[in-house]
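Student: Data: query_32.cif, mmCIF, C-alpha atoms and all ligand atoms.
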data_my_file
#
loop_
_atom_site.label_atom_id
_atom_site.label_comp_id
_atom_site.auth_asym_id
_atom_site.auth_seq_id
_atom_site.Cartn_x
_atom_site.Cartn_y
_atom_site.Cartn_z
CA MET I 1 0.00 0.00 0.00
CA THR I 2 1.13 3.59 -0.62
CA ASP I 3 2.79 5.16 2.45
CA ILE I 4 0.58 7.89 3.90
CA PRO I 5 2.13 10.11 6.61
CA VAL I 6 0.08 9.98 9.85
CA SER I 7 0.37 13.79 10.00
CA HIS I 8 -1.60 14.17 6.75
CA PRO I 9 -4.86 16.04 7.54
CA ARG I 10 -6.85 13.54 5.50
CA TYR I 11 -5.01 10.50 6.86
CA ALA I 12 -8.02 8.33 7.83
CA SER I 13 -9.78 8.97 4.53
CA LEU I 14 -6.65 8.26 2.48
CA VAL I 15 -5.94 5.04 4.38
CA ALA I 16 -9.52 3.88 3.74
CA ARG I 17 -9.16 4.71 0.04
CA GLU I 18 -5.92 2.73 -0.09
CA ARG I 19 -7.57 -0.22 1.62
CA VAL I 20 -10.35 -0.38 -0.95
CA ALA I 21 -7.80 -0.09 -3.79
CA GLU I 22 -5.82 -2.91 -2.14
CA GLY I 23 -9.05 -4.95 -1.92
CA VAL I 24 -9.41 -4.59 -5.69
CA ARG I 25 -5.76 -5.57 -6.26
CA ARG I 26 -6.18 -8.65 -4.05
CA GLY I 27 -9.40 -9.60 -5.79
CA TYR I 28 -11.96 -9.34 -3.02
CA THR I 29 -13.39 -5.91 -3.86
CA SER I 30 -15.06 -5.20 -7.23
CA THR I 31 -13.99 -2.25 -9.36
CA GLN I 32 -17.51 -0.85 -8.79
CA GLY I 33 -16.56 -0.86 -5.10
CA LEU I 34 -14.13 1.99 -5.82
CA ILE I 35 -17.04 4.13 -6.99
CA ALA I 36 -19.11 3.21 -3.93
CA GLN I 37 -16.17 4.27 -1.75
CA GLY I 38 -15.99 7.61 -3.59
CA ARG I 39 -19.67 8.23 -2.96
CA GLY I 40 -19.19 7.32 0.68
CA GLU I 41 -16.22 9.71 1.01
CA CYS I 42 -18.34 12.53 -0.35
CA PHE I 43 -21.06 12.00 2.26
CA ASP I 44 -18.44 11.55 4.98
CA TYR I 45 -17.11 15.00 4.06
CA LEU I 46 -20.63 16.41 4.38
CA ILE I 47 -21.20 14.94 7.85
CA GLY I 48 -17.79 16.17 9.02
CA GLU I 49 -15.99 12.76 9.09
CA LYS I 50 -17.19 12.00 12.60
CA THR I 51 -19.87 9.89 14.22
CA THR I 52 -22.80 12.26 14.68
CA PRO I 53 -25.28 12.16 17.60
CA ALA I 54 -27.92 10.78 15.19
CA ALA I 55 -25.58 7.95 14.14
CA LEU I 56 -24.85 7.16 17.77
CA GLN I 57 -28.58 6.89 18.47
CA ALA I 58 -28.91 4.43 15.57
CA ILE I 59 -25.88 2.45 16.77
CA ARG I 60 -27.41 2.04 20.24
CA ALA I 61 -30.75 0.87 18.80
CA ALA I 62 -28.93 -1.50 16.44
CA ALA I 63 -26.98 -3.05 19.34
CA ALA I 64 -30.21 -3.63 21.28
CA MET I 65 -31.91 -5.11 18.21
CA LEU I 66 -29.01 -7.48 17.56
CA LEU I 67 -28.94 -8.58 21.22
CA LEU I 68 -32.71 -9.22 21.19
CA ALA I 69 -32.60 -11.15 17.91
CA GLU I 70 -33.16 -14.89 17.88
CA ARG I 71 -31.10 -15.40 14.75
CA PRO I 72 -29.03 -12.33 13.83
CA ALA I 73 -26.91 -12.37 10.66
CA LEU I 74 -24.05 -10.14 9.56
CA SER I 75 -23.42 -9.52 5.89
CA VAL I 76 -19.98 -8.86 4.41
CA ASN I 77 -19.29 -7.62 0.87
CA GLY I 78 -16.07 -6.63 -0.90
CA ASN I 79 -15.91 -3.06 0.46
CA VAL I 80 -16.72 -4.25 3.97
CA ALA I 81 -13.95 -6.86 3.71
CA ALA I 82 -11.46 -4.22 2.53
CA LEU I 83 -12.36 -1.66 5.18
CA ALA I 84 -13.47 -3.53 8.29
CA ALA I 85 -12.76 -7.29 8.11
CA GLU I 86 -11.26 -7.46 11.60
CA GLU I 87 -13.95 -5.22 13.05
CA MET I 88 -16.73 -7.42 11.59
CA VAL I 89 -15.03 -10.54 12.98
CA ASP I 90 -14.92 -8.84 16.37
CA LEU I 91 -18.63 -7.95 16.17
CA ALA I 92 -19.50 -11.54 15.17
CA ALA I 93 -17.49 -12.82 18.15
CA ALA I 94 -19.27 -10.43 20.55
CA LEU I 95 -22.65 -11.68 19.29
CA LYS I 96 -21.49 -15.28 18.77
CA VAL I 97 -22.99 -15.37 15.26
CA PRO I 98 -21.61 -16.28 11.82
CA LEU I 99 -20.62 -13.82 9.11
CA GLU I 100 -22.09 -14.29 5.65
CA VAL I 101 -20.35 -13.23 2.45
CA ASN I 102 -23.02 -11.61 0.33
CA LEU I 103 -21.98 -9.95 -2.95
CA PHE I 104 -23.84 -7.67 -5.33
CA HIS I 105 -21.45 -8.50 -8.19
CA ARG I 106 -21.09 -12.16 -7.22
CA SER I 107 -18.23 -14.33 -8.38
CA GLU I 108 -17.34 -17.59 -6.65
CA GLU I 109 -13.68 -16.54 -6.65
CA ARG I 110 -14.42 -13.30 -4.79
CA VAL I 111 -16.69 -15.08 -2.31
CA ALA I 112 -13.90 -17.58 -1.54
CA LYS I 113 -11.27 -14.84 -1.17
CA ILE I 114 -13.42 -12.85 1.26
CA ALA I 115 -14.31 -15.98 3.25
CA ASP I 116 -10.60 -16.85 3.48
CA LEU I 117 -9.78 -13.29 4.60
CA LEU I 118 -12.42 -13.44 7.35
CA ARG I 119 -11.15 -16.83 8.55
CA GLU I 120 -7.59 -15.47 8.50
CA LYS I 121 -8.79 -12.61 10.75
CA GLY I 122 -10.20 -15.17 13.19
CA ALA I 123 -13.85 -15.64 12.15
CA ALA I 124 -15.34 -18.70 13.86
CA GLN I 125 -17.92 -19.36 11.13
CA VAL I 126 -18.23 -17.95 7.63
CA LEU I 127 -21.27 -18.64 5.43
CA GLY I 128 -21.95 -17.69 1.83
CA GLU I 129 -19.73 -20.11 -0.09
CA ARG I 130 -22.58 -22.62 -0.52
CA PRO I 131 -25.83 -20.62 -0.71
CA ASP I 132 -28.90 -22.86 -0.49
CA ALA I 133 -31.80 -20.39 -0.72
CA SER I 134 -32.97 -17.32 -2.62
CA VAL I 135 -34.33 -14.01 -1.35
CA PRO I 136 -37.68 -13.51 -3.18
CA GLY I 137 -37.93 -10.58 -5.58
CA LEU I 138 -34.27 -10.41 -6.65
CA ASP I 139 -32.62 -11.82 -9.76
CA HIS I 140 -30.65 -15.05 -9.42
CA ALA I 141 -27.08 -14.14 -8.36
CA ARG I 142 -28.23 -11.24 -6.19
CA ALA I 143 -30.84 -13.38 -4.46
CA LEU I 144 -28.48 -16.07 -3.15
CA ALA I 145 -28.45 -16.53 0.61
CA THR I 146 -27.76 -19.22 3.19
CA ARG I 147 -30.08 -20.98 5.62
CA GLY I 148 -28.77 -20.49 9.13
CA GLY I 149 -27.48 -17.09 7.98
CA ILE I 150 -29.14 -14.21 6.16
CA TYR I 151 -31.98 -16.28 4.65
CA ASP I 152 -33.69 -17.20 7.91
CA ALA I 153 -32.34 -14.45 10.15
CA ASP I 154 -34.79 -12.23 11.99
CA VAL I 155 -32.32 -9.31 12.18
CA VAL I 156 -29.72 -8.64 9.46
CA LEU I 157 -26.86 -6.13 9.49
CA ILE I 158 -26.12 -4.99 5.94
CA PRO I 159 -23.25 -2.51 5.71
CA LEU I 160 -22.89 -0.71 2.35
CA GLU I 161 -25.81 -2.55 0.75
CA ASP I 162 -27.84 -1.66 -2.31
CA GLY I 163 -31.43 -0.50 -1.99
CA ASP I 164 -33.12 -3.42 -3.80
CA ARG I 165 -31.62 -6.02 -1.53
CA CYS I 166 -32.40 -3.99 1.55
CA GLU I 167 -36.01 -3.70 0.41
CA ALA I 168 -36.23 -7.43 -0.42
CA LEU I 169 -34.97 -8.37 3.07
CA VAL I 170 -37.45 -5.99 4.69
CA ALA I 171 -40.22 -7.53 2.53
CA MET I 172 -39.30 -10.95 3.99
CA GLY I 173 -40.27 -9.56 7.40
CA LYS I 174 -36.73 -9.07 8.68
CA LYS I 175 -35.50 -6.18 10.73
CA VAL I 176 -32.71 -4.64 8.70
CA ILE I 177 -29.84 -2.56 10.09
CA ALA I 178 -27.95 -0.59 7.43
CA ILE I 179 -24.62 1.20 7.66
CA ASP I 180 -24.60 3.77 4.87
CA LEU I 181 -23.07 7.23 4.76
CA ASN I 182 -25.76 8.46 2.41
CA PRO I 183 -28.91 9.33 4.41
CA LEU I 184 -30.79 9.76 1.10
CA SER I 185 -30.00 6.29 -0.29
CA ARG I 186 -32.83 3.83 -0.81
CA THR I 187 -31.04 1.56 1.66
CA ALA I 188 -31.05 4.18 4.42
CA ARG I 189 -34.71 5.01 3.77
CA LYS I 190 -35.90 1.40 3.67
CA ALA I 191 -33.91 -0.03 6.59
CA THR I 192 -35.38 -0.48 10.06
CA VAL I 193 -32.32 1.17 11.62
CA SER I 194 -30.02 3.28 9.42
CA ILE I 195 -26.58 4.05 10.79
CA VAL I 196 -25.39 7.04 8.75
CA ASP I 197 -21.69 6.75 9.50
CA ASN I 198 -18.48 5.41 8.03
CA ILE I 199 -18.23 1.65 8.54
CA VAL I 200 -14.70 2.16 9.86
CA ARG I 201 -16.06 4.19 12.79
CA ALA I 202 -19.48 2.56 13.15
CA VAL I 203 -18.62 -1.12 13.57
CA PRO I 204 -16.22 -0.71 16.55
CA LEU I 205 -18.83 1.53 18.24
CA LEU I 206 -21.53 -1.06 17.54
CA THR I 207 -19.40 -3.83 19.03
CA GLU I 208 -18.72 -1.63 22.06
CA GLN I 209 -22.48 -1.10 22.55
CA VAL I 210 -23.17 -4.84 22.10
CA ARG I 211 -20.58 -5.68 24.78
CA LYS I 212 -21.83 -2.92 27.07
CA HIS I 213 -25.45 -4.10 26.88
CA SER I 214 -24.86 -7.85 26.66
CA VAL I 215 -26.07 -8.38 30.24
CA ALA I 216 -28.76 -5.68 30.15
CA PRO I 217 -32.26 -6.84 31.10
CA ARG I 218 -34.46 -7.72 28.11
CA ALA I 219 -36.97 -5.01 29.05
CA GLU I 220 -34.24 -2.36 28.83
CA LEU I 221 -33.21 -3.55 25.35
CA GLU I 222 -36.83 -3.65 24.24
CA ALA I 223 -37.30 -0.05 25.40
CA MET I 224 -34.17 1.02 23.46
CA VAL I 225 -35.69 -0.47 20.29
CA ARG I 226 -39.22 0.82 20.99
CA ASP I 227 -38.04 4.39 21.60
CA TYR I 228 -36.13 4.48 18.33
CA ASP I 229 -37.69 6.26 15.34
CA ASN I 230 -35.65 5.76 12.16
CA GLU I 231 -37.34 8.49 10.14
CA LYS I 232 -36.77 11.00 12.91
CA VAL I 233 -33.12 9.97 13.23
CA LEU I 234 -32.60 10.25 9.44
CA ARG I 235 -34.17 13.72 9.50
CA GLY I 236 -31.81 14.58 12.37
CA GLY I 237 -28.89 13.28 10.30
CA VAL I 238 -29.80 15.51 7.35
CA ARG I 239 -30.15 18.48 9.73
CA GLU I 240 -26.66 17.71 11.09
CA ILE I 241 -25.26 17.84 7.54
CA LYS I 242 -26.99 21.19 6.94
CA GLU I 243 -25.66 22.64 10.20
CA HIS I 244 -22.18 21.33 9.49
CA LEU I 245 -22.22 22.96 6.03
CA GLU I 246 -23.61 26.25 7.32
CA GLY I 247 -20.84 26.37 9.93
CA GLN I 248 -18.15 26.20 7.25
CA PHE I 249 -18.41 29.73 5.81
P1 LIG I 301 -29.18 2.71 -2.93
O1 LIG I 301 -29.40 1.60 -3.91
O2 LIG I 301 -29.36 2.31 -1.49
O3 LIG I 301 -29.86 4.04 -3.24
P2 LIG I 301 -26.52 3.16 -3.97
O4 LIG I 301 -26.93 2.82 -5.33
O5 LIG I 301 -25.85 4.46 -3.67
O6 LIG I 301 -27.67 3.07 -2.90
P3 LIG I 301 -24.29 1.45 -3.74
O7 LIG I 301 -23.47 2.37 -4.58
O8 LIG I 301 -24.50 0.04 -4.14
O9 LIG I 301 -25.69 2.00 -3.40
O10 LIG I 301 -23.76 1.40 -2.24
C1 LIG I 301 -22.84 2.16 -1.75
C2 LIG I 301 -23.41 2.92 -0.57
O11 LIG I 301 -22.51 2.72 0.49
C3 LIG I 301 -23.47 4.40 -0.87
O12 LIG I 301 -24.68 4.95 -0.39
C4 LIG I 301 -22.29 4.99 -0.09
O13 LIG I 301 -22.61 6.26 0.45
C5 LIG I 301 -22.12 3.97 1.03
N1 LIG I 301 -20.72 3.86 1.46
C6 LIG I 301 -19.61 3.77 0.69
N2 LIG I 301 -18.49 3.68 1.45
C7 LIG I 301 -18.91 3.68 2.74
C8 LIG I 301 -18.25 3.58 3.99
N3 LIG I 301 -16.93 3.50 4.06
N4 LIG I 301 -19.01 3.58 5.10
C9 LIG I 301 -20.36 3.68 5.04
N5 LIG I 301 -21.04 3.80 3.89
C10 LIG I 301 -20.34 3.78 2.74
#
Let me see whether you can do it: turn the structure in this file into C-alpha cells.
Tutor:
Amino acid sequence: MTDIPVSHPRYASLVARERVAEGVRRGYTSTQGLIAQGRGECFDYLIGEKTTPAALQAIRAAAAMLLLAERPALSVNGNVAALAAEEMVDLAAALKVPLEVNLFHRSEERVAKIADLLREKGAAQVLGERPDASVPGLDHARALATRGGIYDADVVLIPLEDGDRCEALVAMGKKVIAIDLNPLSRTARKATVSIVDNIVRAVPLLTEQVRKHSVAPRAELEAMVRDYDNEKVLRGGVREIKEHLEGQF
C-alpha cells in the first residue's frame, strides 16, 4: 500500500481509500466498489468525518436489536472486507454469530477470497460459499443466501448494501440494520435502523455497545428499540449535515 504520513490532515480517509484499492488488487473488492467508496467519502465529508449524535442513536438501537434477535446475521461484501474485516469478525465474536459473504457483483472466486480473509482474521464461522436459498424478488445471483445465515435471520446487518436487496430483506419480514453514509440512499430510507456513518467508525462503536449491553435486562433492550424512530433519526442526520455545512463559511 502507498505510504501515507500519519500527519496528513486527510489520513483516515486516504488510508480507507488505499484499503479499498488494495481490496481490488487482491481480488476481493469489485472495481464498482471503488465508486461506492468515492460516494461514501463525499457524504463523509458532508457529515464532518465524525460519528454524529444521530448515528450514535442508531448504533445504540442496532446493538439492542441485535442482542434481542433470535437469529441475527451479519453480511460482508467486498468493500466491507477491505475496510473492516477485523472489526466485523470482532462484532460476530461479541454476538457469537456467523458472518455471511453476500456480494452484489457475485463471483465464486471473490466469495472464496473474502471468506478466506475473514477466517484469517479469526472468524469462527463464515457462510456464503454454498448458498442454499434465494431471497424472493431479486434476480438469481443477487438473491443467493444461506439458511442459518441471512436467509432465515430475523435481524440482518447490511453494511454498504444496495437499496433493492435492503427492500427485499425488509419484505421478507426481517428487521434490517444498514450502515450507509448516504442518508438519502434507498437503503437508508428502507432499513429499520439506518446508521449514517463510516463503517470504519461505526462497527467498533456497535461492538462496544453490544458488549456494554450484553447483560442488560431484556426489558431495557426492548425499550431502546421501541423508543427508536428511524425516520426522525434520518431527519436529524440531514439536519446535522446542513448545520455542518452552514458552519463552514
Ligand atoms: P441505494 O441503492 O441504497 O440508493 P446506492 O446505489 O448508492 O444506494 P451502492 O453504490 O451500491 O448503493 O452502495 C454504496 C453505498 O454505500 C453508498 O450509499 C455509499 O454512500 C455507502 N458507502 C460507501 N463507502 C462507505 C463507507 N466507508 N461507510 C459507510 N457507507 C459507505
Student: Please provide as a PDB file with C-alpha atoms, in the frame of the given file all residues within 12 Å of I:Arg39, with the sequence filter that same-chain residues fewer than 2 positions apart are discarded (counting all atoms listed in the file).
Tutor:
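File produced: selection29.pdb:
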ATOM      1  CA  ARG I  17      -9.160   4.710   0.040  1.00  0.00           C
ATOM      2  CA  GLN I  32     -17.510  -0.850  -8.790  1.00  0.00           C
ATOM      3  CA  GLY I  33     -16.560  -0.860  -5.100  1.00  0.00           C
ATOM      4  CA  LEU I  34     -14.130   1.990  -5.820  1.00  0.00           C
ATOM      5  CA  ILE I  35     -17.040   4.130  -6.990  1.00  0.00           C
ATOM      6  CA  ALA I  36     -19.110   3.210  -3.930  1.00  0.00           C
ATOM      7  CA  GLN I  37     -16.170   4.270  -1.750  1.00  0.00           C
ATOM      8  CA  GLU I  41     -16.220   9.710   1.010  1.00  0.00           C
ATOM      9  CA  CYS I  42     -18.340  12.530  -0.350  1.00  0.00           C
ATOM     10  CA  PHE I  43     -21.060  12.000   2.260  1.00  0.00           C
ATOM     11  CA  ASP I  44     -18.440  11.550   4.980  1.00  0.00           C
ATOM     12  CA  TYR I  45     -17.110  15.000   4.060  1.00  0.00           C
ATOM     13  CA  LEU I  46     -20.630  16.410   4.380  1.00  0.00           C
ATOM     14  CA  LEU I 160     -22.890  -0.710   2.350  1.00  0.00           C
ATOM     15  CA  ASP I 180     -24.600   3.770   4.870  1.00  0.00           C
ATOM     16  CA  LEU I 181     -23.070   7.230   4.760  1.00  0.00           C
ATOM     17  CA  ASN I 182     -25.760   8.460   2.410  1.00  0.00           C
ATOM     18  CA  PRO I 183     -28.910   9.330   4.410  1.00  0.00           C
ATOM     19  CA  LEU I 184     -30.790   9.760   1.100  1.00  0.00           C
ATOM     20  CA  SER I 185     -30.000   6.290  -0.290  1.00  0.00           C
ATOM     21  CA  ASN I 198     -18.480   5.410   8.030  1.00  0.00           C
TER      22      ASN I 198
END
Student: Name all residues at most 12 Å from I:Ala73 (count all atoms listed in the file; drop same-chain ones fewer than 2 positions away) and give them as JSON, numbers by chain.
Tutor: {"I": [65, 66, 67, 69, 70, 71, 75, 76, 88, 91, 92, 95, 96, 97, 98, 99, 100, 101, 102, 125, 126, 127, 128, 145, 146, 147, 148, 149, 150, 151, 152, 153, 154, 155, 156, 157, 158, 159, 169, 174, 175, 176, 177]}
Student: Can you list, as a list of chain:residue names, every protein, DNA or RNA residue that comes within 9 Å of I:Arg211 when you count all atoms listed in the file, leaving out same-chain residues fewer than 5 positions away?
Tutor: I:Ala63, I:Ala94, I:Leu95, I:Leu206
Student: With a distance cut-off of 10 Å and only C-alpha atoms, select the neighbouring residues of I:Glu108, excluding the residue or stretch itself and same-chain residues fewer than 4 positions from it, and output the selection as a list of chain:residue names.
Tutor: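 Listed by chain and then number, they are I:Leu103, I:Ala112, I:Lys113, I:Gly128, I:Glu129, I:Arg130.
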Student: Distance atom CA of I:Ala61-atom CA of I:Arg201, one decimal place?
Tutor: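 If I compute the distance from atom CA of I:Ala61 to atom CA of I:Arg201, I get 16.2 Å.
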Student: Just give me the residues with any atom within 12 Å of (-10.6, -9.1, -1.4), file coordinates, counting only C-alpha atoms, written as an MDAnalysis selection string.
Tutor: chainID I and resid 19:31 33 76:85 101 103 107 109:118
Student: Write the residues of the preceding selection, restricted to C-alpha atoms, as a PDB file, keeping the file's coordinate frame.
Tutor:
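Saved the output as selection_15.pdb:
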ATOM      1  CA  ARG I  19      -7.570  -0.220   1.620  1.00  0.00           C
ATOM      2  CA  VAL I  20     -10.350  -0.380  -0.950  1.00  0.00           C
ATOM      3  CA  ALA I  21      -7.800  -0.090  -3.790  1.00  0.00           C
ATOM      4  CA  GLU I  22      -5.820  -2.910  -2.140  1.00  0.00           C
ATOM      5  CA  GLY I  23      -9.050  -4.950  -1.920  1.00  0.00           C
ATOM      6  CA  VAL I  24      -9.410  -4.590  -5.690  1.00  0.00           C
ATOM      7  CA  ARG I  25      -5.760  -5.570  -6.260  1.00  0.00           C
ATOM      8  CA  ARG I  26      -6.180  -8.650  -4.050  1.00  0.00           C
ATOM      9  CA  GLY I  27      -9.400  -9.600  -5.790  1.00  0.00           C
ATOM     10  CA  TYR I  28     -11.960  -9.340  -3.020  1.00  0.00           C
ATOM     11  CA  THR I  29     -13.390  -5.910  -3.860  1.00  0.00           C
ATOM     12  CA  SER I  30     -15.060  -5.200  -7.230  1.00  0.00           C
ATOM     13  CA  THR I  31     -13.990  -2.250  -9.360  1.00  0.00           C
ATOM     14  CA  GLY I  33     -16.560  -0.860  -5.100  1.00  0.00           C
ATOM     15  CA  VAL I  76     -19.980  -8.860   4.410  1.00  0.00           C
ATOM     16  CA  ASN I  77     -19.290  -7.620   0.870  1.00  0.00           C
ATOM     17  CA  GLY I  78     -16.070  -6.630  -0.900  1.00  0.00           C
ATOM     18  CA  ASN I  79     -15.910  -3.060   0.460  1.00  0.00           C
ATOM     19  CA  VAL I  80     -16.720  -4.250   3.970  1.00  0.00           C
ATOM     20  CA  ALA I  81     -13.950  -6.860   3.710  1.00  0.00           C
ATOM     21  CA  ALA I  82     -11.460  -4.220   2.530  1.00  0.00           C
ATOM     22  CA  LEU I  83     -12.360  -1.660   5.180  1.00  0.00           C
ATOM     23  CA  ALA I  84     -13.470  -3.530   8.290  1.00  0.00           C
ATOM     24  CA  ALA I  85     -12.760  -7.290   8.110  1.00  0.00           C
ATOM     25  CA  VAL I 101     -20.350 -13.230   2.450  1.00  0.00           C
ATOM     26  CA  LEU I 103     -21.980  -9.950  -2.950  1.00  0.00           C
ATOM     27  CA  SER I 107     -18.230 -14.330  -8.380  1.00  0.00           C
ATOM     28  CA  GLU I 109     -13.680 -16.540  -6.650  1.00  0.00           C
ATOM     29  CA  ARG I 110     -14.420 -13.300  -4.790  1.00  0.00           C
ATOM     30  CA  VAL I 111     -16.690 -15.080  -2.310  1.00  0.00           C
ATOM     31  CA  ALA I 112     -13.900 -17.580  -1.540  1.00  0.00           C
ATOM     32  CA  LYS I 113     -11.270 -14.840  -1.170  1.00  0.00           C
ATOM     33  CA  ILE I 114     -13.420 -12.850   1.260  1.00  0.00           C
ATOM     34  CA  ALA I 115     -14.310 -15.980   3.250  1.00  0.00           C
ATOM     35  CA  ASP I 116     -10.600 -16.850   3.480  1.00  0.00           C
ATOM     36  CA  LEU I 117      -9.780 -13.290   4.600  1.00  0.00           C
ATOM     37  CA  LEU I 118     -12.420 -13.440   7.350  1.00  0.00           C
TER      38      LEU I 118
END
Student: Excluding I:Ser194 and residues on its chain fewer than 3 positions from it, collect all residues at most 7 Å away from it, counting all atoms listed in the file, and give them as a ChimeraX atom specification.
Tutor: /I:58,177-179,188,191,230
Student: Using all atoms listed in the file, pick whichever of I:Gly38, I:Gly237, I:Gly122, I:Pro131 has the shortest atom-to-atom distance to ligand LIG 301 (chain I).
Tutor: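 Checking each of I:Gly38, I:Gly237, I:Gly122, I:Pro131 against ligand LIG 301 (chain I), counting all atoms listed in the file, the winner is I:Gly38.
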Student: Have a look at atom O5 of ligand LIG 301 (chain I) and atom CA of I:Glu167 and let me know their distance in Å, one decimal.
Tutor: 13.7 Å
Student: Please indicate the distance in Å from atom CA of I:Asp90 to atom CA of I:Thr207, rounded to one decimal place.
Tutor: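 So the answer is 7.2 Å.
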Student: Taking only C-alpha atoms and all ligand atoms into account, which of I:Arg186, I:Lys50, I:Arg165, I:Arg142 comes nearest ligand LIG 301 (chain I)?
Tutor: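 Among the listed residues, the smallest separation from ligand LIG 301 (chain I) belongs to I:Arg186.
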Student: So that all listed atoms of stretch 115-131 of chain I fit with 3 Å spare on each side, what axis-aligned box centre and edge lengths in Å, to one decimal, would you give as lines of an AutoDock Vina configuration file?
Tutor:
center_x = -16.7
center_y = -17.6
center_z = 6.6
size_x = 24.2
size_y = 16.0
size_z = 20.6
